[in-house]
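Undergrad: One structure coming up, written as structure tokens, with questions to follow.
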Amino acid sequence: MKNQKMERNVVLMGFTSFFTDVSSEMIYPILQAFVKMIMAANTAMLGPVLGIIEGIAESTASLLKVFSGYYSDQLKKRKAITIAGYSTSALAKFLLLLCSVGWYFVMFARFFDRVGKGIRSAPRDALISESVPKEIHGRAFGFQRGMDFAGATLGALICFFLVRQYLDPVTGNLKDIYSFYKLFLISIVPGLIGIVFLFFVKERKHKISSSRLEPGKKLKPSLNFRQYDRNLQIFFLAQFVFTLGNSSNQFLLLRSMSLGYALSTVIIMYLIFNMTASLLSPVFGSLSDRIGRKKLLMAGYGLYAVVYSAFGFITPGSNRLLFGLWLIYGIYYAMTEGVEKAFVADIAPKESKATALGFHQTIVGVTLLPASIIAGILFSFLPGAPFLFGGGMALITVVIMGIFIRKDSVTI
């Protein structure tokens, strides 16, 4: 396994992920501050509105993921659909320039950004899994997620220096709405650069075994997830439970600001999170190839339960601990993000690989709507409550996986 070289397609798509996340993460850490400025006259509704924006954007657009994957499996095409998705996300950022009209343009911008992700995610992940042997799926997805987080780290770093230039020392936020607009315009450039790498990716021919087919019949992708391996069905259920308590990271950013830190300092925390996930994602991806996906995922969800609950217990007097909590939160991401995809790719039927990956992402995305609304309501009553709820749901997820998933995908 050590002699296996990372395939050219995986490297190219890694660079696409890198530049796309530079673009996205120049914006993401400041969105909650941007909405806060827009809603200055009605701050009591900040939590619920943030929950609505993130919930609708993530969940509604995520319905596209399974159909995009299914369509990709039917056409046996990945590249064109992936390019279309990344292009949609890049262009969606122009809608942020209209947000002075109302907060709902933030929702539209986030929605179409997530539509782009919904279109591209399953075909891209299927192309990655088809570009390398199954034995190094974890390494390939770990590399892709590592590049993702590396781009996020650089994007957050650029965001930090730009925010420092326009920061109002009195409010801890940017001086005015036009300062935000400048950052939004700059962020579009790396997003467009990332798309260029995709044109050099080569489509893979599908080699699906026909030994179990009747003469004259062909395998077709299936949207009926009940036909999938039982372990994969249970994993989908576990992901639903986990995501119900895993609200948008915007609430972690909002929580950090509400505990007394200025926007620029919160961006540093977010930078620590991304840097940690970037450095460790390839390491944990390769580790899952050796010890199995299930063990690593259970450990990751257990770590999430601890660190997420800690965000709920922390007080303004102990807010220095936030730096360490963001670092541990990055470790959780590194242990799970790429490994989840490798787990699904290992078990999914070959003729429905992109469809199954789309199902996984759709379940996660759709569940983010109730998760974000629940978090928004809980936050408005007690700022620490969403994080305690999330920690509890993570523990339930560990129990489900430990009891009901009987075998590890990497050994199948």
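Following the order of the structure tokens, first chain is A, next is B, and so on, with residues numbered from 1 inside each chain and ligands from 1 in the order they appear.
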Need the shell around Ile314 of chain A: protein/DNA/RNA residues with any atom at most 8 Å away, counting only C-alpha atoms. Skip same-chain ones fewer than 5 positions apart. Format as number ranges by chain?
TA: A: 319, 321, 384
Undergrad: Can you write out the residues you just picked, keeping C-alpha atoms, as a PDB file, in the first residue's frame?
TA:
ATOM      1  CA  ASN A 319     -13.276  31.677  27.305  1.00  0.00           C
ATOM      2  CA  LEU A 321     -10.361  27.446  26.492  1.00  0.00           C
ATOM      3  CA  GLY A 384     -25.056  26.703  25.460  1.00  0.00           C
TER       4      GLY A 384
END
Undergrad: Just the residues within 8 Å of Pro123 of chain A, please, counting only C-alpha atoms, with nothing from its chain fewer than 5 positions along; format it as a PDB file with N, CA and C atoms, in the first residue's frame.
TA:
ATOM      1  N   SER A  68     -28.326  13.992  -8.368  1.00  0.00           N
ATOM      2  CA  SER A  68     -27.120  14.246  -9.150  1.00  0.00           C
ATOM      3  C   SER A  68     -26.277  12.987  -9.249  1.00  0.00           C
ATOM      4  N   GLY A  69     -26.168  12.265  -8.117  1.00  0.00           N
ATOM      5  CA  GLY A  69     -25.433  11.004  -8.125  1.00  0.00           C
ATOM      6  C   GLY A  69     -26.095   9.969  -9.006  1.00  0.00           C
ATOM      7  N   SER A  72     -25.619  10.847 -12.609  1.00  0.00           N
ATOM      8  CA  SER A  72     -24.233  10.553 -12.978  1.00  0.00           C
ATOM      9  C   SER A  72     -24.033   9.063 -13.219  1.00  0.00           C
ATOM     10  N   LYS A  77     -21.252   9.450 -16.420  1.00  0.00           N
ATOM     11  CA  LYS A  77     -20.467  10.673 -16.579  1.00  0.00           C
ATOM     12  C   LYS A  77     -20.315  11.355 -15.219  1.00  0.00           C
ATOM     13  N   ARG A  78     -19.127  11.837 -14.933  1.00  0.00           N
ATOM     14  CA  ARG A  78     -18.860  12.521 -13.667  1.00  0.00           C
ATOM     15  C   ARG A  78     -18.351  13.955 -13.885  1.00  0.00           C
ATOM     16  N   LYS A  79     -17.444  14.120 -14.830  1.00  0.00           N
ATOM     17  CA  LYS A  79     -16.678  15.356 -14.966  1.00  0.00           C
ATOM     18  C   LYS A  79     -17.552  16.572 -15.256  1.00  0.00           C
ATOM     19  N   ILE A  81     -20.740  17.150 -14.845  1.00  0.00           N
ATOM     20  CA  ILE A  81     -21.649  17.492 -13.744  1.00  0.00           C
ATOM     21  C   ILE A  81     -20.880  18.164 -12.611  1.00  0.00           C
ATOM     22  N   THR A  82     -19.673  17.667 -12.361  1.00  0.00           N
ATOM     23  CA  THR A  82     -18.832  18.260 -11.314  1.00  0.00           C
ATOM     24  C   THR A  82     -18.467  19.705 -11.648  1.00  0.00           C
ATOM     25  N   ALA A 354     -22.217   6.555  -7.085  1.00  0.00           N
ATOM     26  CA  ALA A 354     -22.503   7.983  -6.922  1.00  0.00           C
ATOM     27  C   ALA A 354     -23.866   8.200  -6.278  1.00  0.00           C
TER      28      ALA A 354
END
Undergrad: Check the smallest atom-to-atom distance from each of A:Leu252, A:Leu63, A:Ala122, A:Ile38 to Thr362 of chain A using only C-alpha atoms, then report the winner.
TA: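 Nearest to Thr362 of chain A: A:Leu63.
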Undergrad: Suppose you want the space between atom CA of Gly300 of chain A and atom CA of Ser256 of chain A; what is it in Å?
TA: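 Atom CA of Gly300 of chain A sits 22.4 Å away from atom CA of Ser256 of chain A.
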Undergrad: May I ask for the distance between atom CA of Ala334 of chain A and atom CA of Pro370 of chain A, given in Å to one decimal place?
TA: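 Between these atoms lies a distance of 25.0 Å.
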Undergrad: Go through A:Gly194, A:Gly47, A:Glu54, A:Met401 and flag the residue nearest Phe381 of chain A, using only C-alpha atoms for the distances.
TA: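 Ranking A:Gly194, A:Gly47, A:Glu54, A:Met401 by distance to Phe381 of chain A, first place goes to A:Gly47.
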Undergrad: If you run DSSP on the backbone, which residues of segment 202-380 of chain A are helix (DSSP H, G or I), as a PyMOL selection string?
TA: chain A and resi 225-227+230-244+249-258+263-291+293-313+316-318+321-347+350-380
Undergrad: Applying 7 Å and only C-alpha atoms, which residues near Gly151 of chain A remain after dropping the ones on its own chain fewer than 4 positions away? List them as a VMD selection string.
TA: chain A and resid 18 to 19 21 to 22 147 155
Undergrad: Generate a file of the selected residues that holds N, CA and C atoms, formatted as a compact mmCIF listing (two decimals), in the first residue's frame.
TA:
# COMPACT_ATOMS: atom_id res chain seq x y z
N PHE A 18 -9.06 22.81 -2.93
CA PHE A 18 -8.23 23.80 -2.24
C PHE A 18 -8.67 25.22 -2.58
N PHE A 19 -8.73 25.55 -3.87
CA PHE A 19 -9.06 26.93 -4.27
C PHE A 19 -10.53 27.26 -3.99
N ASP A 21 -12.26 26.16 -1.48
CA ASP A 21 -12.39 26.46 -0.06
C ASP A 21 -11.67 27.75 0.34
N VAL A 22 -10.62 28.12 -0.38
CA VAL A 22 -10.05 29.46 -0.16
C VAL A 22 -11.15 30.50 -0.37
N MET A 147 -6.78 18.74 1.41
CA MET A 147 -6.67 19.89 0.51
C MET A 147 -7.82 20.86 0.74
N GLY A 155 -7.94 30.50 3.26
CA GLY A 155 -9.07 31.42 3.12
C GLY A 155 -9.35 32.16 4.41
Undergrad: Can you tell me, as a ChimeraX atom specification, what residues are no more than 9 Å from segment 183-187 of chain A when counting only C-alpha atoms, ignoring any on the same chain fewer than 4 positions away?
TA: /A:22-27,90,93-94,96-97,155,159,162-163,178-179,191
Undergrad: Would you put the residues from that selection into a file with C-alpha atoms, as a PDB file, in the first residue's frame?
TA:
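Output file part-v8.pdb follows:
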ATOM      1  CA  VAL A  22     -10.047  29.456  -0.161  1.00  0.00           C
ATOM      2  CA  SER A  23     -12.977  31.252  -1.790  1.00  0.00           C
ATOM      3  CA  SER A  24     -15.676  29.889   0.547  1.00  0.00           C
ATOM      4  CA  GLU A  25     -13.785  30.324   3.804  1.00  0.00           C
ATOM      5  CA  MET A  26     -12.936  33.940   3.043  1.00  0.00           C
ATOM      6  CA  ILE A  27     -16.678  34.464   3.528  1.00  0.00           C
ATOM      7  CA  ALA A  90     -18.617  30.361  -7.598  1.00  0.00           C
ATOM      8  CA  LYS A  93     -21.348  34.747  -4.348  1.00  0.00           C
ATOM      9  CA  PHE A  94     -22.458  37.685  -6.516  1.00  0.00           C
ATOM     10  CA  LEU A  96     -24.171  38.631  -1.506  1.00  0.00           C
ATOM     11  CA  LEU A  97     -23.726  42.075  -3.062  1.00  0.00           C
ATOM     12  CA  GLY A 155      -9.066  31.419   3.119  1.00  0.00           C
ATOM     13  CA  CYS A 159     -10.119  36.769   5.782  1.00  0.00           C
ATOM     14  CA  LEU A 162      -8.747  41.741   5.472  1.00  0.00           C
ATOM     15  CA  VAL A 163     -11.027  41.905   8.521  1.00  0.00           C
ATOM     16  CA  TYR A 178     -19.387  47.958   2.109  1.00  0.00           C
ATOM     17  CA  SER A 179     -16.380  46.486   3.910  1.00  0.00           C
ATOM     18  CA  GLY A 191     -13.310  30.013  -6.794  1.00  0.00           C
TER      19      GLY A 191
END
Undergrad: Calculated over only C-alpha atoms, which of the candidates A:Gly245, A:Gly330, A:Gly365, A:Gly317 has the smallest distance to Phe389 of chain A?
TA: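 When distances to Phe389 of chain A are compared using only C-alpha atoms, the smallest one comes from A:Gly245.
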Undergrad: Residues within 12 Å of Ala238 of chain A, please, as a PyMOL selection string. Count only C-alpha atoms; anything in the same chain fewer than 5 positions from it doesn't count.
TA: chain A and resi 231-233+243-245+294+297-298+301+340+360+363-364+367+393-405
Undergrad: For a test of reading the model, state the distance in Å between atom CA of Phe180 of chain A and atom CA of Arg164 of chain A, rounded to one decimal.
TA: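 Atom-to-atom, atom CA of Phe180 of chain A to atom CA of Arg164 of chain A, that is 12.0 Å.
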Undergrad: So that I can check the surroundings of Phe379 of chain A, please list as a list in words every protein, DNA and RNA residue that reaches within 10 Å of it, counting only C-alpha atoms and ignoring chain neighbours fewer than 4 positions away.
TA: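 These residues fall inside the cut-off: Leu46, Gly47, Pro48, Gly51, Phe251, Leu254, Arg255, Ile373, Ile374, Ala375, Pro383, Gly384, Ala385, Pro386 and Phe387 of chain A.
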Undergrad: Write to file, as a CSV table (one decimal), in the first residue's frame, the residues of the selection just made, with N, CA and C atoms.
TA:
chain,number,residue,atom,x,y,z
A,46,LEU,N,-31.8,37.0,15.7
A,46,LEU,CA,-30.5,36.7,15.1
A,46,LEU,C,-30.4,35.1,15.0
A,47,GLY,N,-30.5,34.5,16.2
A,47,GLY,CA,-30.4,33.0,16.2
A,47,GLY,C,-31.3,32.3,15.3
A,48,PRO,N,-32.7,32.5,15.4
A,48,PRO,CA,-33.6,31.9,14.5
A,48,PRO,C,-33.4,32.1,13.0
A,51,GLY,N,-30.4,30.2,11.9
A,51,GLY,CA,-30.8,28.8,11.7
A,51,GLY,C,-31.6,28.6,10.4
A,251,PHE,N,-23.0,28.6,14.3
A,251,PHE,CA,-23.4,28.7,15.7
A,251,PHE,C,-22.2,28.7,16.7
A,254,LEU,N,-20.7,32.1,16.3
A,254,LEU,CA,-21.6,33.1,17.0
A,254,LEU,C,-21.4,32.9,18.5
A,255,ARG,N,-21.3,31.6,19.0
A,255,ARG,CA,-21.0,31.3,20.4
A,255,ARG,C,-19.7,31.9,20.8
A,373,ILE,N,-32.6,24.7,12.8
A,373,ILE,CA,-33.8,25.4,13.4
A,373,ILE,C,-33.8,25.1,14.9
A,374,ILE,N,-33.6,23.8,15.2
A,374,ILE,CA,-33.6,23.5,16.7
A,374,ILE,C,-32.5,24.2,17.4
A,375,ALA,N,-31.3,24.3,16.7
A,375,ALA,CA,-30.1,25.0,17.3
A,375,ALA,C,-30.5,26.5,17.5
A,383,PRO,N,-27.8,30.0,25.2
A,383,PRO,CA,-26.7,29.9,24.2
A,383,PRO,C,-25.9,28.6,24.2
A,384,GLY,N,-25.8,27.9,25.4
A,384,GLY,CA,-25.1,26.7,25.5
A,384,GLY,C,-25.9,25.5,25.1
A,385,ALA,N,-27.2,25.6,25.1
A,385,ALA,CA,-28.1,24.4,24.9
A,385,ALA,C,-27.9,23.7,23.6
A,386,PRO,N,-27.7,24.3,22.4
A,386,PRO,CA,-27.5,23.6,21.2
A,386,PRO,C,-26.3,22.6,21.2
A,387,PHE,N,-25.3,23.0,22.0
A,387,PHE,CA,-24.1,22.2,22.0
A,387,PHE,C,-24.2,21.0,22.9
Undergrad: Please determine, counting only C-alpha atoms, which residue among A:Ile30, A:Ile234, A:Ala126, A:Ala57 has the shortest atom-to-atom distance to Pro349 of chain A.
TA: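 Counting only C-alpha atoms, the residue closest to Pro349 of chain A is A:Ala126.
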Undergrad: Smallest atom-to-atom distance to Asp346 of chain A: which of A:Tyr71, A:Tyr166, A:Tyr228, A:Phe149, using only C-alpha atoms?
TA: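 Result for the nearest residue to Asp346 of chain A: A:Tyr228.
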Undergrad: For a quick check of understanding, using only C-alpha atoms, which of A:Tyr181, A:Phe236, A:Tyr86, A:Tyr304 has the smallest distance to Thr20 of chain A?
TA: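 Closest to Thr20 of chain A, using only C-alpha atoms: A:Tyr86.
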Undergrad: List the neighbours of Thr88 of chain A out to 9 Å using only C-alpha atoms; skip same-chain residues closer than 2 positions along the sequence, and give me the result as a PyMOL selection string.
TA: chain A and resi 83-86+90-92+112-117+119
